[in-house]
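> Please find my_file-v5.cif (mmCIF, C-alpha atoms and all ligand atoms; chains and numbers go by the auth columns) on the next line:
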```cif
data_final
loop_
_atom_site.group_PDB
_atom_site.id
_atom_site.type_symbol
_atom_site.label_atom_id
_atom_site.label_comp_id
_atom_site.label_asym_id
_atom_site.label_seq_id
_atom_site.Cartn_x
_atom_site.Cartn_y
_atom_site.Cartn_z
_atom_site.B_iso_or_equiv
_atom_site.auth_seq_id
_atom_site.auth_asym_id
ATOM 1 C CA MET A 1 55.865 -6.785 -3.960 0.00 1 A
ATOM 2 C CA ALA A 2 56.252 -9.549 -1.373 0.00 2 A
ATOM 3 C CA THR A 3 55.027 -7.187 1.349 0.00 3 A
ATOM 4 C CA PHE A 4 52.036 -6.231 -0.775 0.00 4 A
ATOM 5 C CA LEU A 5 51.153 -9.908 -1.389 0.00 5 A
ATOM 6 C CA LEU A 6 51.514 -10.667 2.335 0.00 6 A
ATOM 7 C CA VAL A 7 49.251 -7.766 3.353 0.00 7 A
ATOM 8 C CA PHE A 8 46.763 -8.689 0.610 0.00 8 A
ATOM 9 C CA GLY A 9 46.705 -12.343 1.712 0.00 9 A
ATOM 10 C CA ILE A 10 46.234 -11.432 5.370 0.00 10 A
ATOM 11 C CA SER A 11 43.429 -8.985 4.467 0.00 11 A
ATOM 12 C CA VAL A 12 41.579 -11.580 2.366 0.00 12 A
ATOM 13 C CA GLY A 13 42.023 -14.216 5.079 0.00 13 A
ATOM 14 C CA ALA A 14 40.755 -11.827 7.753 0.00 14 A
ATOM 15 C CA TYR A 15 37.734 -10.888 5.624 0.00 15 A
ATOM 16 C CA VAL A 16 36.845 -14.550 5.017 0.00 16 A
ATOM 17 C CA LEU A 17 37.179 -15.347 8.743 0.00 17 A
ATOM 18 C CA ILE A 18 35.079 -12.353 9.779 0.00 18 A
ATOM 19 C CA TYR A 19 32.459 -13.016 7.061 0.00 19 A
ATOM 20 C CA TYR A 20 31.939 -16.695 7.897 0.00 20 A
ATOM 21 C CA ASN A 21 32.017 -16.205 11.667 0.00 21 A
ATOM 22 C CA PHE A 22 30.192 -12.911 12.191 0.00 22 A
ATOM 23 C CA ILE A 23 28.480 -11.498 9.081 0.00 23 A
ATOM 24 C CA ARG A 24 26.903 -14.545 7.431 0.00 24 A
ATOM 25 C CA GLY A 25 23.928 -15.806 9.401 0.00 25 A
ATOM 26 C CA LYS A 26 23.750 -19.345 10.701 0.00 26 A
ATOM 27 C CA GLN A 27 22.416 -21.969 8.296 0.00 27 A
ATOM 28 C CA CYS A 28 19.682 -24.390 9.220 0.00 28 A
ATOM 29 C CA LYS A 29 20.834 -27.855 8.212 0.00 29 A
ATOM 30 C CA SER A 30 17.990 -29.807 9.767 0.00 30 A
ATOM 31 C CA ASN A 31 16.464 -32.685 7.848 0.00 31 A
ATOM 32 C CA ALA A 32 13.713 -33.303 10.413 0.00 32 A
ATOM 33 C CA SER A 33 10.557 -34.665 8.826 0.00 33 A
ATOM 34 C CA LEU A 34 7.655 -32.215 8.590 0.00 34 A
ATOM 35 C CA LYS A 35 5.083 -34.783 7.502 0.00 35 A
ATOM 36 C CA GLY A 36 1.647 -33.873 8.838 0.00 36 A
ATOM 37 C CA LYS A 37 2.721 -30.260 9.524 0.00 37 A
ATOM 38 C CA THR A 38 1.322 -27.201 7.801 0.00 38 A
ATOM 39 C CA VAL A 39 3.632 -24.300 7.012 0.00 39 A
ATOM 40 C CA ILE A 40 2.868 -20.803 5.731 0.00 40 A
ATOM 41 C CA VAL A 41 5.703 -19.029 3.889 0.00 41 A
ATOM 42 C CA THR A 42 5.030 -15.412 2.933 0.00 42 A
ATOM 43 C CA GLY A 43 6.722 -14.107 -0.234 0.00 43 A
ATOM 44 C CA ALA A 44 7.425 -17.669 -1.364 0.00 44 A
ATOM 45 C CA ASN A 45 7.478 -17.015 -5.121 0.00 45 A
ATOM 46 C CA ILE A 46 11.139 -15.929 -5.344 0.00 46 A
ATOM 47 C CA GLY A 47 14.379 -15.610 -3.390 0.00 47 A
ATOM 48 C CA ILE A 48 14.810 -16.848 0.152 0.00 48 A
ATOM 49 C CA GLY A 49 11.060 -17.488 0.496 0.00 49 A
ATOM 50 C CA LYS A 50 10.985 -19.827 -2.495 0.00 50 A
ATOM 51 C CA MET A 51 14.060 -21.750 -1.298 0.00 51 A
ATOM 52 C CA THR A 52 12.533 -22.031 2.175 0.00 52 A
ATOM 53 C CA ALA A 53 9.224 -23.286 0.756 0.00 53 A
ATOM 54 C CA LEU A 54 11.139 -25.846 -1.324 0.00 54 A
ATOM 55 C CA ASP A 55 13.003 -27.085 1.755 0.00 55 A
ATOM 56 C CA MET A 56 9.750 -27.388 3.741 0.00 56 A
ATOM 57 C CA ALA A 57 8.129 -29.272 0.826 0.00 57 A
ATOM 58 C CA LYS A 58 11.108 -31.642 0.515 0.00 58 A
ATOM 59 C CA ARG A 59 10.690 -32.443 4.194 0.00 59 A
ATOM 60 C CA GLY A 60 7.059 -33.429 3.606 0.00 60 A
ATOM 61 C CA ALA A 61 5.153 -30.407 4.937 0.00 61 A
ATOM 62 C CA ARG A 62 1.924 -29.043 3.509 0.00 62 A
ATOM 63 C CA VAL A 63 3.162 -25.673 2.251 0.00 63 A
ATOM 64 C CA ILE A 64 0.926 -22.624 1.878 0.00 64 A
ATOM 65 C CA MET A 65 2.640 -20.085 -0.348 0.00 65 A
ATOM 66 C CA ALA A 66 1.239 -16.724 0.754 0.00 66 A
ATOM 67 C CA CYS A 67 2.034 -14.411 -2.151 0.00 67 A
ATOM 68 C CA ARG A 68 0.628 -11.295 -3.770 0.00 68 A
ATOM 69 C CA VAL A 69 1.023 -12.090 -7.500 0.00 69 A
ATOM 70 C CA LYS A 70 -0.938 -15.163 -8.614 0.00 70 A
ATOM 71 C CA GLU A 71 1.037 -15.819 -11.824 0.00 71 A
ATOM 72 C CA THR A 72 4.526 -15.868 -10.271 0.00 72 A
ATOM 73 C CA ALA A 73 3.281 -17.736 -7.213 0.00 73 A
ATOM 74 C CA GLU A 74 1.565 -20.465 -9.291 0.00 74 A
ATOM 75 C CA ALA A 75 4.732 -20.835 -11.396 0.00 75 A
ATOM 76 C CA ALA A 76 6.878 -21.143 -8.248 0.00 76 A
ATOM 77 C CA ALA A 77 4.423 -23.636 -6.700 0.00 77 A
ATOM 78 C CA TYR A 78 4.672 -25.729 -9.868 0.00 78 A
ATOM 79 C CA ASP A 79 8.509 -25.691 -9.643 0.00 79 A
ATOM 80 C CA ILE A 80 8.436 -26.631 -5.963 0.00 80 A
ATOM 81 C CA ARG A 81 5.973 -29.500 -6.496 0.00 81 A
ATOM 82 C CA ARG A 82 8.162 -30.812 -9.336 0.00 82 A
ATOM 83 C CA LEU A 83 11.480 -30.479 -7.464 0.00 83 A
ATOM 84 C CA SER A 84 10.207 -31.840 -4.145 0.00 84 A
ATOM 85 C CA GLY A 85 7.792 -34.508 -5.375 0.00 85 A
ATOM 86 C CA ASN A 86 5.312 -33.060 -2.861 0.00 86 A
ATOM 87 C CA ASN A 87 1.913 -32.107 -4.285 0.00 87 A
ATOM 88 C CA GLU A 88 0.751 -30.367 -1.111 0.00 88 A
ATOM 89 C CA VAL A 89 2.149 -26.994 -2.143 0.00 89 A
ATOM 90 C CA ILE A 90 -0.569 -24.434 -2.700 0.00 90 A
ATOM 91 C CA PHE A 91 -0.872 -20.737 -3.387 0.00 91 A
ATOM 92 C CA MET A 92 -3.065 -18.433 -1.315 0.00 92 A
ATOM 93 C CA HIS A 93 -3.312 -14.762 -2.105 0.00 93 A
ATOM 94 C CA LEU A 94 -1.785 -12.368 0.461 0.00 94 A
ATOM 95 C CA ASP A 95 -0.664 -8.772 0.040 0.00 95 A
ATOM 96 C CA LEU A 96 0.979 -7.723 3.289 0.00 96 A
ATOM 97 C CA ALA A 97 0.671 -4.050 2.345 0.00 97 A
ATOM 98 C CA SER A 98 -3.116 -4.274 2.677 0.00 98 A
ATOM 99 C CA LEU A 99 -4.816 -5.100 5.956 0.00 99 A
ATOM 100 C CA ASP A 100 -7.948 -6.003 3.978 0.00 100 A
ATOM 101 C CA SER A 101 -5.888 -8.603 2.125 0.00 101 A
ATOM 102 C CA VAL A 102 -4.407 -9.886 5.403 0.00 102 A
ATOM 103 C CA ARG A 103 -7.923 -10.312 6.834 0.00 103 A
ATOM 104 C CA ALA A 104 -9.131 -12.058 3.653 0.00 104 A
ATOM 105 C CA PHE A 105 -6.113 -14.376 3.756 0.00 105 A
ATOM 106 C CA CYS A 106 -6.793 -15.289 7.391 0.00 106 A
ATOM 107 C CA LYS A 107 -10.466 -15.994 6.622 0.00 107 A
ATOM 108 C CA ASN A 108 -9.532 -18.136 3.631 0.00 108 A
ATOM 109 C CA PHE A 109 -6.850 -20.003 5.576 0.00 109 A
ATOM 110 C CA LEU A 110 -9.042 -20.648 8.622 0.00 110 A
ATOM 111 C CA SER A 111 -11.912 -21.899 6.481 0.00 111 A
ATOM 112 C CA SER A 112 -9.778 -24.337 4.477 0.00 112 A
ATOM 113 C CA GLU A 113 -6.936 -25.476 6.750 0.00 113 A
ATOM 114 C CA PRO A 114 -7.415 -27.318 10.033 0.00 114 A
ATOM 115 C CA ARG A 115 -3.990 -26.479 11.503 0.00 115 A
ATOM 116 C CA LEU A 116 -0.928 -24.241 11.346 0.00 116 A
ATOM 117 C CA ASP A 117 2.371 -25.488 12.731 0.00 117 A
ATOM 118 C CA ILE A 118 4.977 -23.100 11.303 0.00 118 A
ATOM 119 C CA LEU A 119 4.703 -19.479 10.115 0.00 119 A
ATOM 120 C CA ILE A 120 7.683 -18.134 8.156 0.00 120 A
ATOM 121 C CA ASN A 121 7.030 -14.430 7.704 0.00 121 A
ATOM 122 C CA ASN A 122 9.745 -14.015 5.071 0.00 122 A
ATOM 123 C CA ALA A 123 8.140 -11.049 3.281 0.00 123 A
ATOM 124 C CA GLY A 124 7.231 -9.236 6.496 0.00 124 A
ATOM 125 C CA LYS A 125 10.226 -6.929 6.612 0.00 125 A
ATOM 126 C CA THR A 126 9.646 -5.518 3.148 0.00 126 A
ATOM 127 C CA VAL A 127 6.309 -3.856 3.962 0.00 127 A
ATOM 128 C CA SER A 128 6.503 -0.082 4.071 0.00 128 A
ATOM 129 C CA PHE A 129 4.658 1.599 6.935 0.00 129 A
ATOM 130 C CA LYS A 130 3.869 4.455 4.545 0.00 130 A
ATOM 131 C CA VAL A 131 1.981 2.054 2.234 0.00 131 A
ATOM 132 C CA LEU A 132 -0.071 0.764 5.164 0.00 132 A
ATOM 133 C CA CYS A 133 -0.826 4.319 6.218 0.00 133 A
ATOM 134 C CA ILE A 134 -2.012 5.264 2.741 0.00 134 A
ATOM 135 C CA GLN A 135 -4.273 2.195 2.545 0.00 135 A
ATOM 136 C CA GLN A 136 -5.683 2.745 6.019 0.00 136 A
ATOM 137 C CA GLU A 137 -5.823 6.525 5.651 0.00 137 A
ATOM 138 C CA MET A 138 -3.519 7.057 8.636 0.00 138 A
ATOM 139 C CA GLN A 139 -0.748 9.603 8.989 0.00 139 A
ATOM 140 C CA PRO A 140 2.796 8.233 9.233 0.00 140 A
ATOM 141 C CA VAL A 141 4.648 9.524 12.296 0.00 141 A
ATOM 142 C CA ALA A 142 7.774 11.362 11.140 0.00 142 A
HETATM 143 N N1 LIG B . 18.699 -11.364 0.499 0.00 201 A
HETATM 144 C C1 LIG B . 19.385 -11.019 1.585 0.00 201 A
HETATM 145 O O1 LIG B . 20.628 -10.976 1.598 0.00 201 A
HETATM 146 C C2 LIG B . 18.654 -10.671 2.879 0.00 201 A
HETATM 147 C C3 LIG B . 19.393 -10.350 4.016 0.00 201 A
HETATM 148 C C4 LIG B . 18.727 -10.049 5.205 0.00 201 A
HETATM 149 C C5 LIG B . 17.348 -10.078 5.261 0.00 201 A
HETATM 150 N N2 LIG B . 16.646 -10.387 4.152 0.00 201 A
HETATM 151 C C6 LIG B . 15.183 -10.412 4.265 0.00 201 A
HETATM 152 O O2 LIG B . 14.700 -11.690 3.855 0.00 201 A
HETATM 153 C C7 LIG B . 13.467 -11.528 3.184 0.00 201 A
HETATM 154 C C8 LIG B . 13.534 -12.140 1.771 0.00 201 A
HETATM 155 O O3 LIG B . 14.647 -11.627 1.092 0.00 201 A
HETATM 156 P P1 LIG B . 14.853 -11.907 -0.465 0.00 201 A
HETATM 157 O O4 LIG B . 16.219 -11.449 -0.799 0.00 201 A
HETATM 158 O O5 LIG B . 14.450 -13.302 -0.787 0.00 201 A
HETATM 159 O O6 LIG B . 13.822 -10.843 -1.076 0.00 201 A
HETATM 160 P P2 LIG B . 13.120 -10.812 -2.509 0.00 201 A
HETATM 161 O O7 LIG B . 13.814 -11.719 -3.449 0.00 201 A
HETATM 162 O O8 LIG B . 12.988 -9.362 -2.839 0.00 201 A
HETATM 163 O O9 LIG B . 11.691 -11.407 -2.181 0.00 201 A
HETATM 164 C C9 LIG B . 10.778 -10.701 -1.378 0.00 201 A
HETATM 165 C C10 LIG B . 9.480 -11.470 -1.383 0.00 201 A
HETATM 166 O O10 LIG B . 8.546 -10.729 -0.598 0.00 201 A
HETATM 167 C C11 LIG B . 7.370 -10.564 -1.378 0.00 201 A
HETATM 168 N N3 LIG B . 6.655 -9.365 -1.014 0.00 201 A
HETATM 169 C C12 LIG B . 7.102 -8.085 -1.080 0.00 201 A
HETATM 170 N N4 LIG B . 6.124 -7.257 -0.696 0.00 201 A
HETATM 171 C C13 LIG B . 5.036 -8.028 -0.400 0.00 201 A
HETATM 172 C C14 LIG B . 3.727 -7.756 0.022 0.00 201 A
HETATM 173 N N5 LIG B . 3.309 -6.521 0.203 0.00 201 A
HETATM 174 N N6 LIG B . 2.886 -8.794 0.235 0.00 201 A
HETATM 175 C C15 LIG B . 3.276 -10.061 0.035 0.00 201 A
HETATM 176 N N7 LIG B . 4.516 -10.394 -0.373 0.00 201 A
HETATM 177 C C16 LIG B . 5.380 -9.380 -0.609 0.00 201 A
HETATM 178 C C17 LIG B . 7.852 -10.504 -2.809 0.00 201 A
HETATM 179 O O11 LIG B . 6.771 -10.753 -3.689 0.00 201 A
HETATM 180 P P3 LIG B . 6.736 -10.168 -5.203 0.00 201 A
HETATM 181 O O12 LIG B . 7.558 -11.112 -6.040 0.00 201 A
HETATM 182 O O13 LIG B . 5.296 -10.174 -5.543 0.00 201 A
HETATM 183 O O14 LIG B . 7.348 -8.796 -5.153 0.00 201 A
HETATM 184 C C18 LIG B . 8.881 -11.628 -2.780 0.00 201 A
HETATM 185 O O15 LIG B . 8.258 -12.879 -2.867 0.00 201 A
HETATM 186 C C19 LIG B . 13.156 -10.031 3.156 0.00 201 A
HETATM 187 O O16 LIG B . 12.287 -9.738 4.240 0.00 201 A
HETATM 188 C C20 LIG B . 14.514 -9.390 3.356 0.00 201 A
HETATM 189 O O17 LIG B . 14.378 -8.130 3.970 0.00 201 A
HETATM 190 C C21 LIG B . 17.272 -10.692 2.961 0.00 201 A
#
```
Starting from the coordinates I provided, produce the structure as structure tokens.
Ligand SMILES: NC(=O)c1ccc[n+]([C@@H]2O[C@H](COP(=O)([O-])OP(=O)(O)OC[C@H]3O[C@@H](n4cnc5c(N)ncnc54)[C@H](OP(=O)(O)O)[C@@H]3O)[C@@H](O)[C@H]2O)c1

Amino acid sequence: MATFLLVFGISVGAYVLIYYNFIRGKQCKSNASLKGKTVIVTGANIGIGKMTALDMAKRGARVIMACRVKETAEAAAYDIRRLSGNNEVIFMHLDLASLDSVRAFCKNFLSSEPRLDILINNAGKTVSFKVLCIQQEMQPVA
């Protein structure tokens, strides 16, 4: 029993050490002011994107939430404005699976915003190449 507990303890300790030092990514703990800066966060309505948008808003940035579903994005923007006390948090429609939507987003952004300082392409990795191919009538390479 004692041997089992010892092996178990060492295994848990080793896992914790390996997890915190190698598996878990580094955390950004900066509190630098972002006043006067404009940030785009894609996929900012939930998850990591929403938490990132909240952090940017707390630091005073103008935050553009680039999301594909208006209802969830507006609800998240409301939460972020309330929690950060920053009213410069706005939704702009963007569906990264559609190049037409990407072009429309760029046009909208360029016509309404004078600057972009930070782009956080949080939702970028989730786009399927197959979806893009279907929308653009291309053939995916196997
Ligand atoms: N969570 C993790 O442990 C982890 C680890 C490593 C990397 N990542 C990466 O970090 C990013 C965020 O992770 P998460 O866990 O926060 O993911 P999540 O909760 O699933 O959120 C993904 C976000 O991307 C948006 N999105 C998906 N497809 C989109 C599209 N075509 N156009 C625009 N927005 C789109 C989603 O919008 P809807 O709500 O409209 O679907 C949602 O806001 C992902 O790229 C993920 O691959 C996450």
> For ligand LIG 201 (chain A), which residue out of A:Ala66, A:Ala76, A:Arg59, A:Ile48 is the nearest one, using only C-alpha atoms and all ligand atoms?
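Smallest distance to ligand LIG 201 (chain A) is found for A:Ile48.
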> Using the chain letters and numbers from the file, which residues does the PyMOL selection byres (((chain A and resi 96) around 9) and not hetatm) grab, as a list in words?
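Residues picked by the PyMOL selection byres (((chain A and resi 96) around 9) and not hetatm): Thr42, Cys67, Arg68, Leu94, Asp95, Ala97, Ser98, Leu99, Ser101, Val102, Ala123, Gly124, Thr126, Val127 and Leu132 of chain A.
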> Which of these residues is nearest to Lys58 (chain A), using all atoms listed in the file: A:Lys37, A:Thr72, A:Arg81, A:Ser111?
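Checking each candidate against Lys58 (chain A), we get A:Arg81 as the closest.
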> Edge lengths and centre in Å to one decimal, as AutoDock Vina command-line options, of the axis-aligned box that encloses all listed atoms of region 84-91 of chain A with 3 Å added on every side?

```
--center_x 4.7 --center_y -27.6 --center_z -3.2 --size_x 17.1 --size_y 19.8 --size_z 10.3
```
> With only C-alpha atoms as the basis for distance, which of A:Ile18, A:Ala44, A:Val69, A:Leu5 is at the shortest distance from Ile120 (chain A)?
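So, comparing all the options, the nearest one is A:Ala44.
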> With N, CA and C atoms as the goal, would you fill in the gaps in region 6-17 of chain A and present it as a PDB file, in the coordinates of the input?

```
ATOM      1  N   LEU A   6      51.743 -10.212   0.950  1.00  0.00           N
ATOM      2  CA  LEU A   6      51.514 -10.667   2.335  1.00  0.00           C
ATOM      3  C   LEU A   6      50.334  -9.917   2.951  1.00  0.00           C
ATOM      4  N   VAL A   7      50.334  -8.585   2.789  1.00  0.00           N
ATOM      5  CA  VAL A   7      49.251  -7.766   3.353  1.00  0.00           C
ATOM      6  C   VAL A   7      47.923  -8.131   2.688  1.00  0.00           C
ATOM      7  N   PHE A   8      47.973  -8.327   1.352  1.00  0.00           N
ATOM      8  CA  PHE A   8      46.763  -8.689   0.610  1.00  0.00           C
ATOM      9  C   PHE A   8      46.213 -10.035   1.103  1.00  0.00           C
ATOM     10  N   GLY A   9      47.112 -11.007   1.253  1.00  0.00           N
ATOM     11  CA  GLY A   9      46.705 -12.343   1.712  1.00  0.00           C
ATOM     12  C   GLY A   9      46.097 -12.300   3.098  1.00  0.00           C
ATOM     13  N   ILE A  10      46.753 -11.537   3.992  1.00  0.00           N
ATOM     14  CA  ILE A  10      46.234 -11.432   5.370  1.00  0.00           C
ATOM     15  C   ILE A  10      44.857 -10.748   5.370  1.00  0.00           C
ATOM     16  N   SER A  11      44.710  -9.706   4.531  1.00  0.00           N
ATOM     17  CA  SER A  11      43.429  -8.985   4.467  1.00  0.00           C
ATOM     18  C   SER A  11      42.319  -9.907   3.979  1.00  0.00           C
ATOM     19  N   VAL A  12      42.601 -10.665   2.908  1.00  0.00           N
ATOM     20  CA  VAL A  12      41.579 -11.580   2.366  1.00  0.00           C
ATOM     21  C   VAL A  12      41.228 -12.636   3.410  1.00  0.00           C
ATOM     22  N   GLY A  13      42.250 -13.188   4.050  1.00  0.00           N
ATOM     23  CA  GLY A  13      42.023 -14.216   5.079  1.00  0.00           C
ATOM     24  C   GLY A  13      41.176 -13.666   6.218  1.00  0.00           C
ATOM     25  N   ALA A  14      41.506 -12.438   6.649  1.00  0.00           N
ATOM     26  CA  ALA A  14      40.755 -11.827   7.753  1.00  0.00           C
ATOM     27  C   ALA A  14      39.302 -11.594   7.345  1.00  0.00           C
ATOM     28  N   TYR A  15      39.099 -11.142   6.102  1.00  0.00           N
ATOM     29  CA  TYR A  15      37.734 -10.888   5.624  1.00  0.00           C
ATOM     30  C   TYR A  15      36.924 -12.187   5.623  1.00  0.00           C
ATOM     31  N   VAL A  16      37.548 -13.256   5.086  1.00  0.00           N
ATOM     32  CA  VAL A  16      36.845 -14.550   5.017  1.00  0.00           C
ATOM     33  C   VAL A  16      36.476 -15.025   6.428  1.00  0.00           C
ATOM     34  N   LEU A  17      37.437 -14.916   7.359  1.00  0.00           N
ATOM     35  CA  LEU A  17      37.179 -15.347   8.743  1.00  0.00           C
ATOM     36  C   LEU A  17      36.039 -14.535   9.361  1.00  0.00           C
TER      37      LEU A  17
END
```
